[in-house]
Amino acid sequence: MAVEPTPEMLAYMDAHAADDRSPLIYGLYSLAIVLAVVTTTLRFVLKYSVGKGIWWDDFLALLTCVLVIVQAALVMYIIPHGWGRHYWTIAASNLQIIDKTWYANTIIINAGIQSGKMAVLAFYYQSFSSRTFRRFVIAVGVSTLCWVTVVTLFLSLACWPIKKQWDASVQGHCKDRIRWWVATNVLNIISDFIIFLMPIPVLWSLHLPLKKKLGLCVVFSFGLIVCVGSIRRAIAALTMRDPDVTWRNGTIMLLYVFEPVGVLICINLPLIVRLLKTLKGPSKTVVSYEARAAQRESRNKKPNGWLRGIDSIRLTGLSTRMSTHGAERLPDSSHSIAPTSPSASIVGLTEPHKSRIDTAM
């Protein structure tokens, strides 16, 4: 797992043998679990409270949340064995446990990051009715699935036999995983920017006041904050050859758990905002079984292309007309644009007669 340290490094580790980052690691991973569980739970509570069914974006959000918990749990498991302390102060038996656990965790990390991206893409597919945009979403989703398959296979078979991943005494060979980590981080940054900037051109084409368009674009590009963590992670990957991996990577690897957590917050935030408004408004949280059944029946009567689910973007006062150049969106003079804030524009759970964004291209 580590390369041979220099005499200066050994002297430094001996002098700082009592250094321990485990309290910080425990605290931050616990925070990651809390954020993932709370935001995802609120998502499902709200959908149930208004009688909405769950869709693929909900399943993927739940999967991402589970993978975050597993990743954090595995790290917490190896903390008592020395994770967060200097490498050469840890017993050999504990190092093998750390290496074996980390082998499993690298696969979980990759799956968690990519499942978060798939949840965002499913959210886009449900929120926009443009066929062109949906095809683009499908193409990005397929490429993401192919990428996660390739990365998982490489991480699983980077050393052969596999046991050599955690037991250096086993005869065999290992590929250069550091170069691979750098390459995957760079490609992750590119895919992050593509995914989080995808809806901006569609939103910007809407015939809305500039303030409202800017508000929508800001909310939908909130995920770009995740890209900052991806860039920091890519920079850190360049220095992964540091032999003191259990000390240095103890905090660097936190970036890998907070990326899917950040994605969960991005896709759950609109629902959380709506939940807060529901709690502050009239008591409409509890919906009877009959009311939920009526809502489901009403949804089923909508024409094809209707944006189902709480995550749909509904803006009042939008209509479309066809021109020689395609579909042009014009404000409906008989209605006013109802939402008074960007967040309300996204998560407004209005009556079924509200208009939807028709982004047909």
# chains A, B, ... in the order shown; residues from 1 in each chain; ligands from 1

call {"tool": "closest_atom_pairs", "arguments": {"of": "range 169-282 of chain A", "to": "range 63-83 of chain A", "cutoff": "8 Å", "atoms": "only C-alpha atoms", "output": "tab-separated table"}}
result
residue	atom	partner	partner_atom	distance
A:Thr246	CA	A:Trp83	CA	5.2
A:Trp247	CA	A:Trp83	CA	6.8
A:Gly250	CA	A:Trp83	CA	6.2
A:Val257	CA	A:Val68	CA	6.3
A:Pro260	CA	A:Thr64	CA	6.8
A:Val261	CA	A:Val68	CA	7.2
A:Leu264	CA	A:Cys65	CA	7.6

call {"tool": "closest_residue", "arguments": {"among": "A:Tyr103, A:Tyr12, A:Trp56, A:Phe220", "to": "Leu157 in chain A", "atoms": "only C-alpha atoms"}}
result
A:Tyr103

call {"tool": "closest_atom_pairs", "arguments": {"of": "range 238-258 of chain A", "to": "range 29-52 of chain A", "cutoff": "12 Å", "atoms": "only C-alpha atoms", "output": "JSON lines"}}
result
{"residue": "A:Gly250", "atom": "CA", "partner": "A:Tyr29", "partner_atom": "CA", "distance": 10.9}
{"residue": "A:Thr251", "atom": "CA", "partner": "A:Tyr29", "partner_atom": "CA", "distance": 10.1}
{"residue": "A:Met253", "atom": "CA", "partner": "A:Tyr29", "partner_atom": "CA", "distance": 10.2}
{"residue": "A:Leu254", "atom": "CA", "partner": "A:Tyr29", "partner_atom": "CA", "distance": 7.3}
{"residue": "A:Leu255", "atom": "CA", "partner": "A:Tyr29", "partner_atom": "CA", "distance": 10.3}
{"residue": "A:Tyr256", "atom": "CA", "partner": "A:Tyr29", "partner_atom": "CA", "distance": 10.6}
{"residue": "A:Val257", "atom": "CA", "partner": "A:Ala32", "partner_atom": "CA", "distance": 7.1}
{"residue": "A:Phe258", "atom": "CA", "partner": "A:Ala32", "partner_atom": "CA", "distance": 6.5}

call {"tool": "write_last_selection", "arguments": {"atoms": "C-alpha atoms", "output": "CSV table (one decimal), in the first residue's frame"}}
result
chain,number,residue,atom,x,y,z
A,250,GLY,CA,-7.2,9.7,6.4
A,251,THR,CA,-8.5,13.2,5.7
A,253,MET,CA,-10.5,10.4,1.5
A,254,LEU,CA,-13.2,12.5,3.1
A,255,LEU,CA,-13.6,14.2,-0.3
A,256,TYR,CA,-14.8,10.9,-1.7
A,257,VAL,CA,-17.7,10.6,0.7
A,258,PHE,CA,-18.8,14.2,0.6

call {"tool": "select_by_dssp", "arguments": {"residues": "range 104-229 of chain A", "states": "strand (DSSP E or B)", "output": "JSON list (two decimals) with N, CA and C atoms, in the first residue's frame"}}
result
[["chain", "number", "residue", "atom", "x", "y", "z"],
["A", 159, "CYS", "N", -4.56, -5.81, -8.83],
["A", 159, "CYS", "CA", -3.49, -6.74, -8.44],
["A", 159, "CYS", "C", -3.93, -8.17, -8.73],
["A", 160, "TRP", "N", -2.99, -8.96, -9.19],
["A", 160, "TRP", "CA", -3.30, -10.37, -9.45],
["A", 160, "TRP", "C", -2.18, -11.26, -8.92],
["A", 173, "HIS", "N", 1.62, -9.44, -9.32],
["A", 173, "HIS", "CA", 1.93, -8.10, -9.83],
["A", 173, "HIS", "C", 0.73, -7.18, -9.64],
["A", 174, "CYS", "N", 1.00, -5.88, -9.57],
["A", 174, "CYS", "CA", -0.05, -4.86, -9.44],
["A", 174, "CYS", "C", 0.17, -3.77, -10.47]]

call {"tool": "residues_around", "arguments": {"residues": "Ile97 in chain A", "least_positions_apart": "4", "cutoff": "9 Å", "atoms": "only C-alpha atoms", "output": "PyMOL selection string"}}
result
chain A and resi 78+81+92-93+101-102+166

call {"tool": "write_last_selection", "arguments": {"atoms": "C-alpha atoms", "output": "short mmCIF file (atom, residue, chain, number, x, y, z; two decimals), in the first residue's frame"}}
result
data_model
loop_
_atom_site.label_atom_id
_atom_site.label_comp_id
_atom_site.auth_asym_id
_atom_site.auth_seq_id
_atom_site.Cartn_x
_atom_site.Cartn_y
_atom_site.Cartn_z
CA ILE A 78 -10.49 0.66 10.28
CA HIS A 81 -6.75 -0.36 13.55
CA ALA A 92 1.61 -5.23 10.46
CA SER A 93 -1.54 -7.19 11.34
CA THR A 101 -10.96 -3.01 3.99
CA TRP A 102 -9.71 -0.22 1.78
CA TRP A 166 -3.58 -6.48 0.99
#

call {"tool": "select_by_dssp", "arguments": {"residues": "range 47-110 of chain A", "states": "helix (DSSP H, G or I)", "output": "ChimeraX atom specification"}}
result
/A:47-49,56-81,87-89,92-110

call {"tool": "decode", "arguments": {"residues": "range 83-227 of chain A", "atoms": "C-alpha atoms", "output": "PDB file, in the first residue's frame"}}
result
ATOM      1  CA  TRP A  83      -6.437   4.735  10.072  1.00  0.00           C
ATOM      2  CA  GLY A  84      -5.672   8.392  10.743  1.00  0.00           C
ATOM      3  CA  ARG A  85      -2.282   7.641  12.325  1.00  0.00           C
ATOM      4  CA  HIS A  86       1.232   7.464  10.856  1.00  0.00           C
ATOM      5  CA  TYR A  87       1.748   4.382   8.687  1.00  0.00           C
ATOM      6  CA  TRP A  88       4.998   3.100  10.189  1.00  0.00           C
ATOM      7  CA  THR A  89       3.645   3.239  13.741  1.00  0.00           C
ATOM      8  CA  ILE A  90       0.896   0.704  12.954  1.00  0.00           C
ATOM      9  CA  ALA A  91       1.280  -3.040  13.567  1.00  0.00           C
ATOM     10  CA  ALA A  92       1.608  -5.232  10.461  1.00  0.00           C
ATOM     11  CA  SER A  93      -1.540  -7.194  11.338  1.00  0.00           C
ATOM     12  CA  ASN A  94      -3.543  -3.972  11.503  1.00  0.00           C
ATOM     13  CA  LEU A  95      -2.078  -2.744   8.225  1.00  0.00           C
ATOM     14  CA  GLN A  96      -3.369  -5.862   6.494  1.00  0.00           C
ATOM     15  CA  ILE A  97      -6.852  -5.237   7.879  1.00  0.00           C
ATOM     16  CA  ILE A  98      -6.677  -1.629   6.665  1.00  0.00           C
ATOM     17  CA  ASP A  99      -5.514  -2.662   3.193  1.00  0.00           C
ATOM     18  CA  LYS A 100      -8.183  -5.357   2.869  1.00  0.00           C
ATOM     19  CA  THR A 101     -10.960  -3.010   3.993  1.00  0.00           C
ATOM     20  CA  TRP A 102      -9.710  -0.216   1.778  1.00  0.00           C
ATOM     21  CA  TYR A 103      -9.742  -2.560  -1.219  1.00  0.00           C
ATOM     22  CA  ALA A 104     -13.478  -3.058  -0.716  1.00  0.00           C
ATOM     23  CA  ASN A 105     -14.048   0.609   0.026  1.00  0.00           C
ATOM     24  CA  THR A 106     -12.501   1.844  -3.232  1.00  0.00           C
ATOM     25  CA  ILE A 107     -15.181  -0.070  -5.129  1.00  0.00           C
ATOM     26  CA  ILE A 108     -17.910   1.334  -2.858  1.00  0.00           C
ATOM     27  CA  ILE A 109     -16.530   4.867  -3.308  1.00  0.00           C
ATOM     28  CA  ASN A 110     -16.693   4.638  -7.088  1.00  0.00           C
ATOM     29  CA  ALA A 111     -20.196   3.156  -7.045  1.00  0.00           C
ATOM     30  CA  GLY A 112     -21.432   5.871  -4.670  1.00  0.00           C
ATOM     31  CA  ILE A 113     -20.105   8.713  -6.817  1.00  0.00           C
ATOM     32  CA  GLN A 114     -21.530   7.298 -10.044  1.00  0.00           C
ATOM     33  CA  SER A 115     -24.921   6.396  -8.549  1.00  0.00           C
ATOM     34  CA  GLY A 116     -25.223  10.000  -7.388  1.00  0.00           C
ATOM     35  CA  LYS A 117     -24.640  11.166 -10.958  1.00  0.00           C
ATOM     36  CA  MET A 118     -27.239   8.711 -12.236  1.00  0.00           C
ATOM     37  CA  ALA A 119     -29.733  10.106  -9.708  1.00  0.00           C
ATOM     38  CA  VAL A 120     -29.142  13.609 -11.096  1.00  0.00           C
ATOM     39  CA  LEU A 121     -29.647  12.362 -14.659  1.00  0.00           C
ATOM     40  CA  ALA A 122     -32.885  10.611 -13.686  1.00  0.00           C
ATOM     41  CA  PHE A 123     -34.012  13.860 -12.048  1.00  0.00           C
ATOM     42  CA  TYR A 124     -33.320  15.704 -15.320  1.00  0.00           C
ATOM     43  CA  TYR A 125     -35.147  13.100 -17.388  1.00  0.00           C
ATOM     44  CA  GLN A 126     -38.232  13.432 -15.231  1.00  0.00           C
ATOM     45  CA  SER A 127     -38.107  17.222 -15.045  1.00  0.00           C
ATOM     46  CA  PHE A 128     -37.740  18.114 -18.726  1.00  0.00           C
ATOM     47  CA  SER A 129     -39.957  16.934 -21.592  1.00  0.00           C
ATOM     48  CA  SER A 130     -37.670  17.907 -24.483  1.00  0.00           C
ATOM     49  CA  ARG A 131     -36.952  14.797 -26.544  1.00  0.00           C
ATOM     50  CA  THR A 132     -33.560  16.119 -27.593  1.00  0.00           C
ATOM     51  CA  PHE A 133     -32.582  16.856 -24.010  1.00  0.00           C
ATOM     52  CA  ARG A 134     -33.820  13.473 -22.833  1.00  0.00           C
ATOM     53  CA  ARG A 135     -31.785  11.712 -25.512  1.00  0.00           C
ATOM     54  CA  PHE A 136     -28.735  13.605 -24.303  1.00  0.00           C
ATOM     55  CA  VAL A 137     -29.510  12.555 -20.720  1.00  0.00           C
ATOM     56  CA  ILE A 138     -29.766   8.916 -21.820  1.00  0.00           C
ATOM     57  CA  ALA A 139     -26.463   9.155 -23.708  1.00  0.00           C
ATOM     58  CA  VAL A 140     -24.675  10.601 -20.674  1.00  0.00           C
ATOM     59  CA  GLY A 141     -26.289   7.969 -18.456  1.00  0.00           C
ATOM     60  CA  VAL A 142     -25.131   5.107 -20.684  1.00  0.00           C
ATOM     61  CA  SER A 143     -21.584   6.491 -20.785  1.00  0.00           C
ATOM     62  CA  THR A 144     -21.648   6.802 -16.979  1.00  0.00           C
ATOM     63  CA  LEU A 145     -22.722   3.173 -16.607  1.00  0.00           C
ATOM     64  CA  CYS A 146     -19.976   2.046 -18.977  1.00  0.00           C
ATOM     65  CA  TRP A 147     -17.428   4.104 -17.064  1.00  0.00           C
ATOM     66  CA  VAL A 148     -18.409   2.759 -13.648  1.00  0.00           C
ATOM     67  CA  THR A 149     -18.173  -0.796 -15.040  1.00  0.00           C
ATOM     68  CA  VAL A 150     -14.654  -0.229 -16.379  1.00  0.00           C
ATOM     69  CA  VAL A 151     -13.453   1.442 -13.177  1.00  0.00           C
ATOM     70  CA  THR A 152     -14.953  -1.280 -10.979  1.00  0.00           C
ATOM     71  CA  LEU A 153     -13.255  -4.018 -13.000  1.00  0.00           C
ATOM     72  CA  PHE A 154      -9.915  -2.230 -12.845  1.00  0.00           C
ATOM     73  CA  LEU A 155     -10.103  -1.595  -9.105  1.00  0.00           C
ATOM     74  CA  SER A 156     -11.132  -5.198  -8.496  1.00  0.00           C
ATOM     75  CA  LEU A 157      -8.325  -6.665 -10.622  1.00  0.00           C
ATOM     76  CA  ALA A 158      -5.580  -4.059 -10.165  1.00  0.00           C
ATOM     77  CA  CYS A 159      -3.489  -6.736  -8.439  1.00  0.00           C
ATOM     78  CA  TRP A 160      -3.298 -10.372  -9.453  1.00  0.00           C
ATOM     79  CA  PRO A 161      -3.865 -12.510  -7.571  1.00  0.00           C
ATOM     80  CA  ILE A 162      -6.401 -10.287  -5.800  1.00  0.00           C
ATOM     81  CA  LYS A 163      -4.973 -11.206  -2.389  1.00  0.00           C
ATOM     82  CA  LYS A 164      -1.861  -9.220  -3.255  1.00  0.00           C
ATOM     83  CA  GLN A 165      -3.967  -6.071  -2.783  1.00  0.00           C
ATOM     84  CA  TRP A 166      -3.579  -6.485   0.986  1.00  0.00           C
ATOM     85  CA  ASP A 167      -0.754  -9.018   1.331  1.00  0.00           C
ATOM     86  CA  ALA A 168       2.575  -7.898  -0.149  1.00  0.00           C
ATOM     87  CA  SER A 169       4.140 -11.323   0.530  1.00  0.00           C
ATOM     88  CA  VAL A 170       1.961 -12.942  -2.150  1.00  0.00           C
ATOM     89  CA  GLN A 171       3.725 -13.493  -5.465  1.00  0.00           C
ATOM     90  CA  GLY A 172       2.106 -11.548  -8.280  1.00  0.00           C
ATOM     91  CA  HIS A 173       1.933  -8.102  -9.828  1.00  0.00           C
ATOM     92  CA  CYS A 174      -0.046  -4.863  -9.435  1.00  0.00           C
ATOM     93  CA  LYS A 175      -0.851  -2.122 -11.921  1.00  0.00           C
ATOM     94  CA  ASP A 176      -0.014   1.510 -11.215  1.00  0.00           C
ATOM     95  CA  ARG A 177      -3.157   2.536  -9.371  1.00  0.00           C
ATOM     96  CA  ILE A 178      -1.925   6.084  -8.729  1.00  0.00           C
ATOM     97  CA  ARG A 179      -1.978   6.983 -12.421  1.00  0.00           C
ATOM     98  CA  TRP A 180      -5.378   5.377 -12.671  1.00  0.00           C
ATOM     99  CA  TRP A 181      -6.702   7.427  -9.742  1.00  0.00           C
ATOM    100  CA  VAL A 182      -5.437  10.630 -11.370  1.00  0.00           C
ATOM    101  CA  ALA A 183      -7.058   9.722 -14.702  1.00  0.00           C
ATOM    102  CA  THR A 184     -10.385   8.796 -13.115  1.00  0.00           C
ATOM    103  CA  ASN A 185     -10.452  12.006 -11.083  1.00  0.00           C
ATOM    104  CA  VAL A 186      -9.828  14.142 -14.165  1.00  0.00           C
ATOM    105  CA  LEU A 187     -12.590  12.352 -16.076  1.00  0.00           C
ATOM    106  CA  ASN A 188     -14.894  12.710 -13.073  1.00  0.00           C
ATOM    107  CA  ILE A 189     -14.332  16.471 -13.095  1.00  0.00           C
ATOM    108  CA  ILE A 190     -15.234  16.651 -16.789  1.00  0.00           C
ATOM    109  CA  SER A 191     -18.380  14.551 -16.305  1.00  0.00           C
ATOM    110  CA  ASP A 192     -19.393  16.618 -13.258  1.00  0.00           C
ATOM    111  CA  PHE A 193     -19.267  19.847 -15.247  1.00  0.00           C
ATOM    112  CA  ILE A 194     -21.182  18.279 -18.142  1.00  0.00           C
ATOM    113  CA  ILE A 195     -23.927  16.910 -15.899  1.00  0.00           C
ATOM    114  CA  PHE A 196     -24.432  19.987 -13.753  1.00  0.00           C
ATOM    115  CA  LEU A 197     -24.363  22.415 -16.698  1.00  0.00           C
ATOM    116  CA  MET A 198     -26.655  20.323 -18.932  1.00  0.00           C
ATOM    117  CA  PRO A 199     -29.961  22.048 -18.072  1.00  0.00           C
ATOM    118  CA  ILE A 200     -28.630  25.625 -18.260  1.00  0.00           C
ATOM    119  CA  PRO A 201     -29.162  26.124 -22.048  1.00  0.00           C
ATOM    120  CA  VAL A 202     -32.717  24.781 -21.769  1.00  0.00           C
ATOM    121  CA  LEU A 203     -33.548  27.018 -18.819  1.00  0.00           C
ATOM    122  CA  TRP A 204     -31.954  30.038 -20.466  1.00  0.00           C
ATOM    123  CA  SER A 205     -34.105  29.578 -23.588  1.00  0.00           C
ATOM    124  CA  LEU A 206     -37.305  30.118 -21.587  1.00  0.00           C
ATOM    125  CA  HIS A 207     -39.144  33.400 -22.157  1.00  0.00           C
ATOM    126  CA  LEU A 208     -39.015  34.504 -18.544  1.00  0.00           C
ATOM    127  CA  PRO A 209     -37.808  37.644 -16.786  1.00  0.00           C
ATOM    128  CA  LEU A 210     -34.042  37.696 -16.478  1.00  0.00           C
ATOM    129  CA  LYS A 211     -34.220  37.501 -12.684  1.00  0.00           C
ATOM    130  CA  LYS A 212     -36.262  34.298 -12.779  1.00  0.00           C
ATOM    131  CA  LYS A 213     -34.030  32.692 -15.394  1.00  0.00           C
ATOM    132  CA  LEU A 214     -30.959  33.517 -13.350  1.00  0.00           C
ATOM    133  CA  GLY A 215     -32.621  32.077 -10.261  1.00  0.00           C
ATOM    134  CA  LEU A 216     -33.445  28.806 -12.015  1.00  0.00           C
ATOM    135  CA  CYS A 217     -29.943  28.541 -13.444  1.00  0.00           C
ATOM    136  CA  VAL A 218     -28.386  29.151 -10.022  1.00  0.00           C
ATOM    137  CA  VAL A 219     -30.498  26.463  -8.364  1.00  0.00           C
ATOM    138  CA  PHE A 220     -29.810  23.913 -11.096  1.00  0.00           C
ATOM    139  CA  SER A 221     -26.083  24.677 -11.145  1.00  0.00           C
ATOM    140  CA  PHE A 222     -25.803  24.358  -7.366  1.00  0.00           C
ATOM    141  CA  GLY A 223     -24.165  21.010  -7.991  1.00  0.00           C
ATOM    142  CA  LEU A 224     -21.113  22.798  -9.384  1.00  0.00           C
ATOM    143  CA  ILE A 225     -20.031  23.098  -5.754  1.00  0.00           C
ATOM    144  CA  VAL A 226     -19.453  19.349  -5.951  1.00  0.00           C
ATOM    145  CA  CYS A 227     -16.960  20.015  -8.752  1.00  0.00           C
TER     146      CYS A 227
END
